[in-house]
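The data block below is upload.cif; it holds mmCIF, C-alpha atoms.
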data_entry
loop_
_atom_site.group_PDB
_atom_site.id
_atom_site.type_symbol
_atom_site.label_atom_id
_atom_site.label_comp_id
_atom_site.auth_asym_id
_atom_site.auth_seq_id
_atom_site.Cartn_x
_atom_site.Cartn_y
_atom_site.Cartn_z
ATOM 1 C CA MET A 1 -55.339 26.386 57.120
ATOM 2 C CA ALA A 2 -53.337 25.792 53.955
ATOM 3 C CA ILE A 3 -53.240 28.719 51.547
ATOM 4 C CA LYS A 4 -55.920 28.411 48.889
ATOM 5 C CA HIS A 5 -55.863 30.565 45.758
ATOM 6 C CA PHE A 6 -58.639 31.283 43.243
ATOM 7 C CA LEU A 7 -56.761 31.583 39.950
ATOM 8 C CA GLN A 8 -59.088 29.437 37.832
ATOM 9 C CA PHE A 9 -62.671 28.411 38.470
ATOM 10 C CA LYS A 10 -61.683 24.788 38.972
ATOM 11 C CA ASP A 11 -59.396 25.755 41.880
ATOM 12 C CA LEU A 12 -62.442 25.306 44.123
ATOM 13 C CA SER A 13 -64.297 22.015 44.406
ATOM 14 C CA ARG A 14 -68.016 21.656 43.874
ATOM 15 C CA ALA A 15 -68.575 21.422 47.638
ATOM 16 C CA GLU A 16 -66.506 24.563 48.239
ATOM 17 C CA LEU A 17 -68.360 26.476 45.531
ATOM 18 C CA GLU A 18 -71.723 25.423 46.917
ATOM 19 C CA TYR A 19 -70.606 26.699 50.318
ATOM 20 C CA VAL A 20 -69.541 30.035 48.774
ATOM 21 C CA PHE A 21 -72.929 30.357 47.030
ATOM 22 C CA GLU A 22 -74.807 29.659 50.258
ATOM 23 C CA ARG A 23 -72.570 32.071 52.131
ATOM 24 C CA THR A 24 -73.218 34.689 49.433
ATOM 25 C CA ARG A 25 -76.952 34.398 50.068
ATOM 26 C CA TRP A 26 -76.432 35.005 53.801
ATOM 27 C CA ILE A 27 -73.977 37.904 53.297
ATOM 28 C CA LYS A 28 -76.197 39.572 50.701
ATOM 29 C CA ASP A 29 -79.196 39.316 53.008
ATOM 30 C CA LYS A 30 -77.196 41.034 55.762
ATOM 31 C CA PHE A 31 -76.196 43.762 53.289
ATOM 32 C CA LYS A 32 -79.813 44.368 52.243
ATOM 33 C CA ARG A 33 -80.835 44.646 55.898
ATOM 34 C CA TYR A 34 -78.039 47.180 56.590
ATOM 35 C CA GLU A 35 -76.638 44.800 59.213
ATOM 36 C CA THR A 36 -72.922 45.015 59.987
ATOM 37 C CA HIS A 37 -70.783 41.995 59.128
ATOM 38 C CA HIS A 38 -67.070 42.532 59.855
ATOM 39 C CA PRO A 39 -65.348 39.126 59.845
ATOM 40 C CA LEU A 40 -62.269 40.605 58.147
ATOM 41 C CA PHE A 41 -61.682 43.424 60.618
ATOM 42 C CA ASP A 42 -58.059 44.590 60.474
ATOM 43 C CA ARG A 43 -57.348 42.506 57.338
ATOM 44 C CA THR A 44 -55.880 44.134 54.220
ATOM 45 C CA LEU A 45 -56.581 43.393 50.561
ATOM 46 C CA VAL A 46 -54.064 44.587 47.979
ATOM 47 C CA MET A 47 -55.556 45.077 44.501
ATOM 48 C CA ILE A 48 -53.045 45.079 41.636
ATOM 49 C CA PHE A 49 -54.323 46.376 38.306
ATOM 50 C CA GLU A 50 -52.597 46.151 34.942
ATOM 51 C CA LYS A 51 -55.908 46.243 33.017
ATOM 52 C CA ALA A 52 -58.593 48.911 33.297
ATOM 53 C CA SER A 53 -61.598 48.173 35.486
ATOM 54 C CA THR A 54 -64.889 49.478 36.833
ATOM 55 C CA ARG A 55 -66.787 46.548 38.354
ATOM 56 C CA THR A 56 -63.730 44.629 39.558
ATOM 57 C CA ARG A 57 -62.203 47.513 41.473
ATOM 58 C CA LEU A 58 -65.489 48.753 42.900
ATOM 59 C CA SER A 59 -66.740 45.321 43.971
ATOM 60 C CA PHE A 60 -63.478 44.282 45.637
ATOM 61 C CA GLU A 61 -62.770 47.626 47.295
ATOM 62 C CA ALA A 62 -66.316 48.145 48.547
ATOM 63 C CA GLY A 63 -66.603 44.481 49.471
ATOM 64 C CA MET A 64 -63.472 44.462 51.611
ATOM 65 C CA GLN A 65 -64.586 47.614 53.404
ATOM 66 C CA GLN A 66 -68.030 46.140 54.023
ATOM 67 C CA LEU A 67 -66.339 43.093 55.592
ATOM 68 C CA GLY A 68 -64.518 45.408 57.992
ATOM 69 C CA GLY A 69 -61.130 45.357 56.267
ATOM 70 C CA ALA A 70 -59.108 47.756 54.149
ATOM 71 C CA ALA A 71 -58.339 47.700 50.422
ATOM 72 C CA ILE A 72 -55.234 49.204 48.809
ATOM 73 C CA TYR A 73 -55.177 49.976 45.087
ATOM 74 C CA LEU A 74 -51.942 49.512 43.138
ATOM 75 C CA ASN A 75 -51.590 50.155 39.421
ATOM 76 C CA THR A 76 -48.554 48.603 37.781
ATOM 77 C CA ARG A 77 -47.841 51.951 36.080
ATOM 78 C CA ASP A 78 -47.384 53.542 39.484
ATOM 79 C CA SER A 79 -45.395 50.784 41.172
ATOM 80 C CA GLN A 80 -42.073 49.033 40.744
ATOM 81 C CA LEU A 81 -43.854 46.245 38.848
ATOM 82 C CA GLY A 82 -44.197 48.728 36.017
ATOM 83 C CA ARG A 83 -40.440 49.328 36.090
ATOM 84 C CA GLY A 84 -39.443 45.713 35.710
ATOM 85 C CA GLU A 85 -39.425 44.346 39.264
ATOM 86 C CA PRO A 86 -39.751 40.567 38.985
ATOM 87 C CA VAL A 87 -43.232 39.266 39.765
ATOM 88 C CA GLU A 88 -41.688 36.768 42.174
ATOM 89 C CA ASP A 89 -39.972 39.521 44.192
ATOM 90 C CA ALA A 90 -43.103 41.666 44.288
ATOM 91 C CA ALA A 91 -45.124 38.692 45.543
ATOM 92 C CA GLN A 92 -42.681 38.091 48.396
ATOM 93 C CA VAL A 93 -42.929 41.703 49.562
ATOM 94 C CA ILE A 94 -46.638 42.399 48.992
ATOM 95 C CA SER A 95 -47.749 39.166 50.646
ATOM 96 C CA ARG A 96 -45.730 40.007 53.779
ATOM 97 C CA MET A 97 -47.615 43.309 54.126
ATOM 98 C CA SER A 98 -51.160 42.155 53.415
ATOM 99 C CA ASP A 99 -53.622 39.333 54.005
ATOM 100 C CA LEU A 100 -55.068 38.867 50.521
ATOM 101 C CA VAL A 101 -54.120 39.882 46.968
ATOM 102 C CA MET A 102 -56.322 40.358 43.901
ATOM 103 C CA ILE A 103 -54.643 40.762 40.514
ATOM 104 C CA ARG A 104 -56.154 41.908 37.214
ATOM 105 C CA THR A 105 -53.556 41.431 34.497
ATOM 106 C CA PHE A 106 -52.805 40.019 31.048
ATOM 107 C CA GLU A 107 -51.191 36.562 30.903
ATOM 108 C CA GLN A 108 -52.310 33.873 33.329
ATOM 109 C CA ASP A 109 -48.638 33.031 33.833
ATOM 110 C CA ILE A 110 -48.153 36.321 35.690
ATOM 111 C CA ILE A 111 -50.727 35.517 38.346
ATOM 112 C CA GLU A 112 -49.556 31.898 38.621
ATOM 113 C CA ARG A 113 -45.981 33.068 39.278
ATOM 114 C CA PHE A 114 -47.188 35.590 41.832
ATOM 115 C CA ALA A 115 -49.261 32.978 43.682
ATOM 116 C CA ALA A 116 -46.346 30.530 43.722
ATOM 117 C CA ASN A 117 -44.351 33.100 45.732
ATOM 118 C CA SER A 118 -47.159 34.484 47.880
ATOM 119 C CA ARG A 119 -47.673 33.837 51.594
ATOM 120 C CA VAL A 120 -51.377 34.809 51.312
ATOM 121 C CA PRO A 121 -54.321 33.839 49.063
ATOM 122 C CA VAL A 122 -54.342 35.289 45.553
ATOM 123 C CA ILE A 123 -57.519 35.939 43.525
ATOM 124 C CA ASN A 124 -57.718 36.251 39.756
ATOM 125 C CA GLY A 125 -59.571 39.494 39.002
ATOM 126 C CA LEU A 126 -59.216 38.772 35.259
ATOM 127 C CA THR A 127 -56.538 37.492 32.905
ATOM 128 C CA ASN A 128 -56.495 36.921 29.162
ATOM 129 C CA GLU A 129 -57.361 33.282 29.799
ATOM 130 C CA TYR A 130 -59.876 33.306 32.676
ATOM 131 C CA HIS A 131 -62.363 35.449 34.612
ATOM 132 C CA PRO A 132 -63.446 33.212 37.517
ATOM 133 C CA CYS A 133 -64.964 35.928 39.715
ATOM 134 C CA GLN A 134 -67.344 36.905 36.917
ATOM 135 C CA ILE A 135 -68.662 33.381 36.475
ATOM 136 C CA LEU A 136 -68.977 32.994 40.241
ATOM 137 C CA ALA A 137 -71.373 35.958 40.162
ATOM 138 C CA ASP A 138 -73.158 34.745 37.024
ATOM 139 C CA ILE A 139 -73.894 31.322 38.458
ATOM 140 C CA TYR A 140 -75.061 32.778 41.760
ATOM 141 C CA THR A 141 -77.393 35.079 39.806
ATOM 142 C CA PHE A 142 -78.896 32.070 38.040
ATOM 143 C CA ILE A 143 -79.341 30.272 41.374
ATOM 144 C CA GLU A 144 -81.139 33.335 42.787
ATOM 145 C CA HIS A 145 -83.562 33.454 39.873
ATOM 146 C CA ARG A 146 -83.985 29.835 38.800
ATOM 147 C CA GLY A 147 -82.457 27.504 41.406
ATOM 148 C CA PRO A 148 -79.640 24.947 40.957
ATOM 149 C CA ILE A 149 -77.645 25.119 37.734
ATOM 150 C CA GLN A 150 -76.877 21.393 37.576
ATOM 151 C CA GLY A 151 -78.184 19.889 34.343
ATOM 152 C CA ARG A 152 -79.019 23.279 32.808
ATOM 153 C CA THR A 153 -77.730 24.655 29.504
ATOM 154 C CA VAL A 154 -75.764 27.862 28.929
ATOM 155 C CA ALA A 155 -75.480 29.235 25.385
ATOM 156 C CA TRP A 156 -72.322 31.250 24.798
ATOM 157 C CA ILE A 157 -72.568 33.395 21.661
ATOM 158 C CA GLY A 158 -69.491 35.179 20.292
ATOM 159 C CA ASP A 159 -65.786 35.122 21.033
ATOM 160 C CA SER A 160 -64.243 32.162 22.877
ATOM 161 C CA ASN A 161 -62.537 34.507 25.315
ATOM 162 C CA ASN A 162 -61.634 34.372 29.004
ATOM 163 C CA VAL A 163 -65.275 34.477 30.115
ATOM 164 C CA CYS A 164 -66.198 31.656 27.748
ATOM 165 C CA ASN A 165 -63.235 29.593 28.963
ATOM 166 C CA THR A 166 -64.395 30.014 32.532
ATOM 167 C CA TRP A 167 -67.972 28.982 31.745
ATOM 168 C CA LEU A 168 -66.508 25.785 30.272
ATOM 169 C CA GLN A 169 -64.513 25.084 33.418
ATOM 170 C CA ALA A 170 -67.534 25.792 35.601
ATOM 171 C CA ALA A 171 -69.637 23.333 33.614
ATOM 172 C CA GLU A 172 -67.130 20.576 34.365
ATOM 173 C CA VAL A 173 -67.114 21.325 38.095
ATOM 174 C CA LEU A 174 -70.846 21.955 38.593
ATOM 175 C CA ASP A 175 -72.281 19.514 36.029
ATOM 176 C CA PHE A 176 -74.133 21.673 33.525
ATOM 177 C CA ASN A 177 -73.794 22.118 29.765
ATOM 178 C CA VAL A 178 -72.377 24.905 27.608
ATOM 179 C CA HIS A 179 -73.292 25.403 23.953
ATOM 180 C CA VAL A 180 -70.689 27.554 22.223
ATOM 181 C CA SER A 181 -71.107 29.286 18.885
ATOM 182 C CA THR A 182 -68.270 31.394 17.486
ATOM 183 C CA PRO A 183 -67.411 32.653 14.012
ATOM 184 C CA PRO A 184 -64.927 30.508 12.074
ATOM 185 C CA GLY A 185 -61.425 31.073 13.383
ATOM 186 C CA TYR A 186 -62.560 31.979 16.902
ATOM 187 C CA GLU A 187 -63.410 28.494 18.173
ATOM 188 C CA VAL A 188 -62.734 27.170 21.661
ATOM 189 C CA GLU A 189 -59.203 25.939 22.288
ATOM 190 C CA PRO A 190 -59.617 23.212 24.948
ATOM 191 C CA GLU A 191 -56.033 23.448 26.178
ATOM 192 C CA ARG A 192 -56.216 27.239 26.545
ATOM 193 C CA ALA A 193 -59.583 26.896 28.270
ATOM 194 C CA GLY A 194 -58.010 24.567 30.812
ATOM 195 C CA LEU A 195 -60.532 21.801 30.198
ATOM 196 C CA TYR A 196 -59.970 18.362 31.615
ATOM 197 C CA GLY A 197 -62.954 16.891 29.753
ATOM 198 C CA THR A 198 -65.327 17.651 26.882
ATOM 199 C CA ASP A 199 -68.523 16.020 28.121
ATOM 200 C CA HIS A 200 -70.150 19.281 29.135
ATOM 201 C CA PHE A 201 -69.779 21.451 26.053
ATOM 202 C CA GLU A 202 -70.717 21.371 22.391
ATOM 203 C CA GLN A 203 -69.753 23.707 19.579
ATOM 204 C CA PHE A 204 -72.292 24.981 17.032
ATOM 205 C CA ALA A 205 -71.679 26.690 13.704
ATOM 206 C CA ASP A 206 -75.089 28.402 13.864
ATOM 207 C CA PRO A 207 -75.668 30.595 16.944
ATOM 208 C CA MET A 208 -79.418 29.969 16.743
ATOM 209 C CA ASP A 209 -78.779 26.256 17.200
ATOM 210 C CA ALA A 210 -76.580 26.967 20.222
ATOM 211 C CA ALA A 211 -79.318 29.076 21.837
ATOM 212 C CA ARG A 212 -82.126 26.611 21.183
ATOM 213 C CA GLY A 213 -83.628 25.539 24.508
ATOM 214 C CA ALA A 214 -80.890 27.230 26.559
ATOM 215 C CA ASP A 215 -81.571 28.360 30.127
ATOM 216 C CA ILE A 216 -78.977 31.140 29.911
ATOM 217 C CA VAL A 217 -77.970 33.058 26.787
ATOM 218 C CA THR A 218 -74.808 35.050 27.364
ATOM 219 C CA THR A 219 -72.195 36.949 25.405
ATOM 220 C CA ASP A 220 -69.419 39.514 25.704
ATOM 221 C CA VAL A 221 -67.975 42.327 23.620
ATOM 222 C CA TRP A 222 -66.584 41.225 20.261
ATOM 223 C CA THR A 223 -63.218 42.857 20.990
ATOM 224 C CA SER A 224 -61.740 42.104 24.408
ATOM 225 C CA MET A 225 -59.045 44.230 26.050
ATOM 226 C CA GLY A 226 -55.738 43.733 24.304
ATOM 227 C CA PHE A 227 -57.280 43.022 20.900
ATOM 228 C CA GLU A 228 -58.287 46.562 19.941
ATOM 229 C CA ALA A 229 -56.183 46.445 16.754
ATOM 230 C CA GLU A 230 -58.556 43.746 15.447
ATOM 231 C CA ASN A 231 -61.707 45.775 16.136
ATOM 232 C CA GLU A 232 -62.862 46.401 12.547
ATOM 233 C CA GLU A 233 -62.068 42.862 11.430
ATOM 234 C CA ARG A 234 -63.954 41.447 14.389
ATOM 235 C CA ARG A 235 -67.001 43.608 13.694
ATOM 236 C CA ARG A 236 -67.220 42.037 10.248
ATOM 237 C CA ASP A 237 -66.545 38.501 11.475
ATOM 238 C CA PHE A 238 -69.063 38.642 14.336
ATOM 239 C CA ALA A 239 -71.910 40.414 12.510
ATOM 240 C CA ASP A 240 -74.123 37.292 12.570
ATOM 241 C CA TRP A 241 -73.381 36.552 16.243
ATOM 242 C CA GLN A 242 -75.549 39.237 17.800
ATOM 243 C CA VAL A 243 -77.941 38.236 20.585
ATOM 244 C CA ASP A 244 -81.333 39.582 19.541
ATOM 245 C CA ALA A 245 -85.026 38.962 20.184
ATOM 246 C CA ASP A 246 -85.199 36.140 17.637
ATOM 247 C CA MET A 247 -82.432 34.285 19.450
ATOM 248 C CA LEU A 248 -84.204 34.629 22.798
ATOM 249 C CA LYS A 249 -87.378 33.221 21.214
ATOM 250 C CA VAL A 250 -85.683 29.872 20.518
ATOM 251 C CA ALA A 251 -84.159 29.679 24.003
ATOM 252 C CA ALA A 252 -86.108 28.297 26.966
ATOM 253 C CA LYS A 253 -89.257 30.260 27.746
ATOM 254 C CA ASP A 254 -87.801 31.508 31.039
ATOM 255 C CA ALA A 255 -84.236 31.907 29.759
ATOM 256 C CA LEU A 256 -82.039 34.568 31.330
ATOM 257 C CA PHE A 257 -79.772 36.896 29.361
ATOM 258 C CA MET A 258 -76.382 37.685 30.897
ATOM 259 C CA HIS A 259 -73.488 39.950 29.965
ATOM 260 C CA CYS A 260 -70.398 40.682 32.079
ATOM 261 C CA LEU A 261 -70.433 44.356 30.980
ATOM 262 C CA PRO A 262 -69.546 46.839 29.688
ATOM 263 C CA ALA A 263 -71.835 46.152 26.718
ATOM 264 C CA HIS A 264 -71.803 47.610 23.236
ATOM 265 C CA ARG A 265 -75.486 47.894 22.414
ATOM 266 C CA GLY A 266 -76.103 47.267 18.734
ATOM 267 C CA GLU A 267 -73.053 45.021 18.407
ATOM 268 C CA GLU A 268 -72.984 41.805 20.470
ATOM 269 C CA VAL A 269 -76.486 42.460 21.873
ATOM 270 C CA THR A 270 -79.486 44.553 20.911
ATOM 271 C CA THR A 271 -80.860 47.234 23.198
ATOM 272 C CA GLY A 272 -84.155 45.362 23.319
ATOM 273 C CA VAL A 273 -82.507 42.271 24.801
ATOM 274 C CA ILE A 274 -80.161 43.849 27.337
ATOM 275 C CA ASP A 275 -82.931 46.124 28.620
ATOM 276 C CA GLY A 276 -85.644 43.507 28.191
ATOM 277 C CA ALA A 277 -87.544 41.092 30.419
ATOM 278 C CA HIS A 278 -85.008 38.246 30.067
ATOM 279 C CA SER A 279 -82.037 40.377 31.123
ATOM 280 C CA VAL A 280 -80.512 40.069 34.592
ATOM 281 C CA VAL A 281 -77.336 42.027 33.860
ATOM 282 C CA TRP A 282 -77.785 44.484 36.739
ATOM 283 C CA ASP A 283 -78.366 41.723 39.284
ATOM 284 C CA GLU A 284 -75.354 39.977 37.775
ATOM 285 C CA ALA A 285 -73.196 43.099 38.187
ATOM 286 C CA GLU A 286 -74.296 43.639 41.804
ATOM 287 C CA ASN A 287 -73.615 40.017 42.635
ATOM 288 C CA ARG A 288 -69.931 40.518 41.877
ATOM 289 C CA LEU A 289 -69.896 42.377 45.200
ATOM 290 C CA HIS A 290 -71.606 39.684 47.232
ATOM 291 C CA THR A 291 -69.974 36.577 45.748
ATOM 292 C CA GLN A 292 -66.526 38.141 46.125
ATOM 293 C CA LYS A 293 -67.220 38.980 49.752
ATOM 294 C CA ALA A 294 -68.117 35.336 50.350
ATOM 295 C CA LEU A 295 -65.017 34.246 48.425
ATOM 296 C CA MET A 296 -62.663 36.507 50.390
ATOM 297 C CA GLU A 297 -64.156 35.385 53.680
ATOM 298 C CA PHE A 298 -63.745 31.730 52.672
ATOM 299 C CA LEU A 299 -60.152 32.101 51.463
ATOM 300 C CA LEU A 300 -59.118 33.838 54.689
ATOM 301 C CA LEU A 301 -61.276 32.126 57.313
ATOM 302 C CA GLY A 302 -62.441 28.873 55.772
ATOM 303 C CA ARG A 303 -65.942 27.666 56.595
ATOM 304 C CA VAL A 304 -67.544 29.812 59.282
ATOM 305 C CA GLY A 305 -70.842 29.744 61.126
ATOM 306 C CA ASN A 306 -73.376 32.554 61.048
#
Encoded form (structure tokens):
Amino acid sequence: MAIKHFLQFKDLSRAELEYVFERTRWIKDKFKRYETHHPLFDRTLVMIFEKASTRTRLSFEAGMQQLGGAAIYLNTRDSQLGRGEPVEDAAQVISRMSDLVMIRTFEQDIIERFAANSRVPVINGLTNEYHPCQILADIYTFIEHRGPIQGRTVAWIGDSNNVCNTWLQAAEVLDFNVHVSTPPGYEVEPERAGLYGTDHFEQFADPMDAARGADIVTTDVWTSMGFEAENEERRRDFADWQVDADMLKVAAKDALFMHCLPAHRGEEVTTGVIDGAHSVVWDEAENRLHTQKALMEFLLLGRVGN
């Protein structure tokens, strides 16, 4: 099977994503029944981290072990990558000693260069531009609770960051709509988002208008990793872009609230919303584990039977 990477959401086709979602359901059911599923026995995942992580490391490391394989953690500070070894050289070596690589880093260019020189599949665990594994889990969470996402509306409130960019890509692939509302100066940049069309998203100056009738209302911290120097300025700029109870009232009656976590209660979302009846953030966080297991299985083995 030809090597397939998952560097952006649109790297997988709609049919492939639908297979991964269905496989996630089956794998999660096995997990809940405490039934062993070891399709990746004797396979090794290398996890390379340049950015801090809780959910990404835990979900990939636990997930690989639950699939019967092994996971090795590398931090760039503790490896030759942190001392200037070219990404291309590191890719040649690491991919000869492992079966799968996950990278959590800054610029998308880094992971693209690594993948271009890798003999094994590479997964984007997060870059400044994209966070495809997060949206994979988010969409599966919606499917679990509400069914197919096709034709639905997602309201993104806040910064047009890597998570927002990935929602926009997902909408193009899976045929749903994204309403985006950001403060002035933080609008979506289509080229940076990697969009190949604009039929599935609309920008709104007023966040309440973006949330009106939405099936999902979602947000992220106002200051993403790497932008800490702008924290105070962003707090002022984003003050009117908080997801609160009033915003959920104008969304669809059965709307779900999502957040990739960690959350700053009282900033981008109120405590009442994130801990309220609309929130599915804990299901969303758990589903990182299950969707990534299905993804790793697919990238290494292709389509498999039960």
**OP:** Would you be able to write out as an NGL selection string which residues have an atom within 8 Å of (-68.9, 44.7, 43.6) in the file's coordinates, counting all atoms listed in the file?
**Re:** :A and (55-63 or 285-290 or 292)
Subject >> Shell of 10 Å around segment 6-9 of chain A, all atoms listed in the file, local chain residues under 3 positions omitted, as an MDAnalysis selection string >> reply: chainID A and resid 12:13 17 102:103 108 111:112 115 121:127 129:136 165:173 193:194 295:296 299
**OP:** Identify, on the basis of only C-alpha atoms, every residue whose closest approach to His264 of chain A does not exceed 8 Å; exclude the query and any residue fewer than 4 positions from it along the same chain; express the result as a list of chain:residue names.
**Re:**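 The residues that qualify are A:Val221, A:Glu268, A:Val269.
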**OP:** Work out how far atom CA of Glu16 of chain A is from atom CA of His278 of chain A, in Å to one decimal.
**Re:**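 Atom CA of Glu16 of chain A lies at a distance of 29.3 Å from atom CA of His278 of chain A.
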Original post:
What is the distance between atom CA of Gln92 of chain A and atom CA of Thr54 of chain A, in Å to one decimal?
Top reply: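 Straight-line distance from atom CA of Gln92 of chain A to atom CA of Thr54 of chain A works out to 27.5 Å.
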Original post:
Using all atoms listed in the file, which residues sit within 7 Å of Phe176 of chain A once same-chain residues fewer than 3 positions away are excluded, as a list in words?
Top reply: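 My reading of the contact set: Ile149, Gln150, Gly151, Arg152, Thr153, Ala171 and His200 of chain A.
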**OP:** Name the closest residue to Asp99 of chain A among the candidates A:Tyr73, A:Asp42, A:Lys51, A:His145; distances are taken between atoms, counting only C-alpha atoms.
**Re:** A:Asp42
**OP:** Specify as a ChimeraX atom specification each residue included when the PyMOL selection byres ((chain A and resi 273) around 10) is applied to this file.
**Re:** /A:243-248,257-258,265,269-272,274-279
Subject >> Using all atoms listed in the file: which of A:Met47, A:Val217, A:Ala137, A:Ile72 has the shortest distance to Ala251 of chain A >> reply: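 The shortest atom-to-atom distance to Ala251 of chain A comes from A:Val217.
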Original post:
Written as a list in words, what is the full residue list that the PyMOL selection byres ((chain A and resi 41) around 7) yields on the file shown?
Top reply: His38, Pro39, Leu40, Asp42, Arg43, Leu67, Gly68 and Gly69 of chain A
**OP:** Provide the atom CA of Ile157 of chain A to atom CA of Val280 of chain A distance in Å, to one decimal place.
**Re:** 16.6 Å
**OP:** Could you list the residues chosen by the PyMOL selection byres ((chain A and resi 88) around 7) in this structure as JSON, numbers by chain?
**Re:** {"A": [86, 87, 89, 90, 91, 92, 113, 114, 117]}
Residues from the last selection, C-alpha atoms, saved as a compact mmCIF listing (two decimals), keeping the file's coordinate frame:
# COMPACT_ATOMS: atom_id res chain seq x y z
CA PRO A 86 -39.75 40.57 38.98
CA VAL A 87 -43.23 39.27 39.76
CA ASP A 89 -39.97 39.52 44.19
CA ALA A 90 -43.10 41.67 44.29
CA ALA A 91 -45.12 38.69 45.54
CA GLN A 92 -42.68 38.09 48.40
CA ARG A 113 -45.98 33.07 39.28
CA PHE A 114 -47.19 35.59 41.83
CA ASN A 117 -44.35 33.10 45.73
Repaired coordinates for segment 66-83 of chain A (N, CA and C atoms) as a PDB file, in the frame of the given file:
ATOM      1  N   GLN A  66     -66.792  46.606  53.401  1.00  0.00           N
ATOM      2  CA  GLN A  66     -68.030  46.140  54.023  1.00  0.00           C
ATOM      3  C   GLN A  66     -67.790  44.948  54.947  1.00  0.00           C
ATOM      4  N   LEU A  67     -66.704  44.204  54.714  1.00  0.00           N
ATOM      5  CA  LEU A  67     -66.339  43.093  55.592  1.00  0.00           C
ATOM      6  C   LEU A  67     -65.485  43.548  56.773  1.00  0.00           C
ATOM      7  N   GLY A  68     -65.248  44.853  56.867  1.00  0.00           N
ATOM      8  CA  GLY A  68     -64.518  45.408  57.992  1.00  0.00           C
ATOM      9  C   GLY A  68     -63.034  45.588  57.764  1.00  0.00           C
ATOM     10  N   GLY A  69     -62.549  45.244  56.568  1.00  0.00           N
ATOM     11  CA  GLY A  69     -61.130  45.357  56.267  1.00  0.00           C
ATOM     12  C   GLY A  69     -60.803  46.601  55.455  1.00  0.00           C
ATOM     13  N   ALA A  70     -59.578  46.628  54.955  1.00  0.00           N
ATOM     14  CA  ALA A  70     -59.108  47.756  54.149  1.00  0.00           C
ATOM     15  C   ALA A  70     -58.625  47.244  52.800  1.00  0.00           C
ATOM     16  N   ALA A  71     -58.783  48.054  51.765  1.00  0.00           N
ATOM     17  CA  ALA A  71     -58.339  47.700  50.422  1.00  0.00           C
ATOM     18  C   ALA A  71     -57.375  48.756  49.909  1.00  0.00           C
ATOM     19  N   ILE A  72     -56.257  48.309  49.358  1.00  0.00           N
ATOM     20  CA  ILE A  72     -55.234  49.204  48.809  1.00  0.00           C
ATOM     21  C   ILE A  72     -55.130  48.968  47.312  1.00  0.00           C
ATOM     22  N   TYR A  73     -55.235  50.046  46.547  1.00  0.00           N
ATOM     23  CA  TYR A  73     -55.177  49.976  45.087  1.00  0.00           C
ATOM     24  C   TYR A  73     -53.763  50.239  44.595  1.00  0.00           C
ATOM     25  N   LEU A  74     -53.241  49.325  43.780  1.00  0.00           N
ATOM     26  CA  LEU A  74     -51.942  49.512  43.138  1.00  0.00           C
ATOM     27  C   LEU A  74     -52.118  49.345  41.638  1.00  0.00           C
ATOM     28  N   ASN A  75     -51.632  50.294  40.874  1.00  0.00           N
ATOM     29  CA  ASN A  75     -51.590  50.155  39.421  1.00  0.00           C
ATOM     30  C   ASN A  75     -50.141  49.886  39.029  1.00  0.00           C
ATOM     31  N   THR A  76     -49.934  48.940  38.139  1.00  0.00           N
ATOM     32  CA  THR A  76     -48.554  48.603  37.781  1.00  0.00           C
ATOM     33  C   THR A  76     -47.802  49.805  37.217  1.00  0.00           C
ATOM     34  N   ARG A  77     -48.508  50.754  36.617  1.00  0.00           N
ATOM     35  CA  ARG A  77     -47.841  51.951  36.080  1.00  0.00           C
ATOM     36  C   ARG A  77     -47.227  52.790  37.189  1.00  0.00           C
ATOM     37  N   ASP A  78     -47.824  52.694  38.378  1.00  0.00           N
ATOM     38  CA  ASP A  78     -47.384  53.542  39.484  1.00  0.00           C
ATOM     39  C   ASP A  78     -46.585  52.784  40.535  1.00  0.00           C
ATOM     40  N   SER A  79     -46.154  51.584  40.214  1.00  0.00           N
ATOM     41  CA  SER A  79     -45.395  50.784  41.172  1.00  0.00           C
ATOM     42  C   SER A  79     -44.136  50.235  40.506  1.00  0.00           C
ATOM     43  N   GLN A  80     -43.313  49.592  41.293  1.00  0.00           N
ATOM     44  CA  GLN A  80     -42.073  49.033  40.744  1.00  0.00           C
ATOM     45  C   GLN A  80     -42.337  47.882  39.768  1.00  0.00           C
ATOM     46  N   LEU A  81     -43.518  47.279  39.832  1.00  0.00           N
ATOM     47  CA  LEU A  81     -43.854  46.245  38.848  1.00  0.00           C
ATOM     48  C   LEU A  81     -43.825  46.818  37.437  1.00  0.00           C
ATOM     49  N   GLY A  82     -44.211  48.074  37.320  1.00  0.00           N
ATOM     50  CA  GLY A  82     -44.197  48.728  36.017  1.00  0.00           C
ATOM     51  C   GLY A  82     -42.816  49.119  35.560  1.00  0.00           C
ATOM     52  N   ARG A  83     -41.828  48.979  36.430  1.00  0.00           N
ATOM     53  CA  ARG A  83     -40.440  49.328  36.090  1.00  0.00           C
ATOM     54  C   ARG A  83     -39.559  48.094  36.017  1.00  0.00           C
TER      55      ARG A  83
END
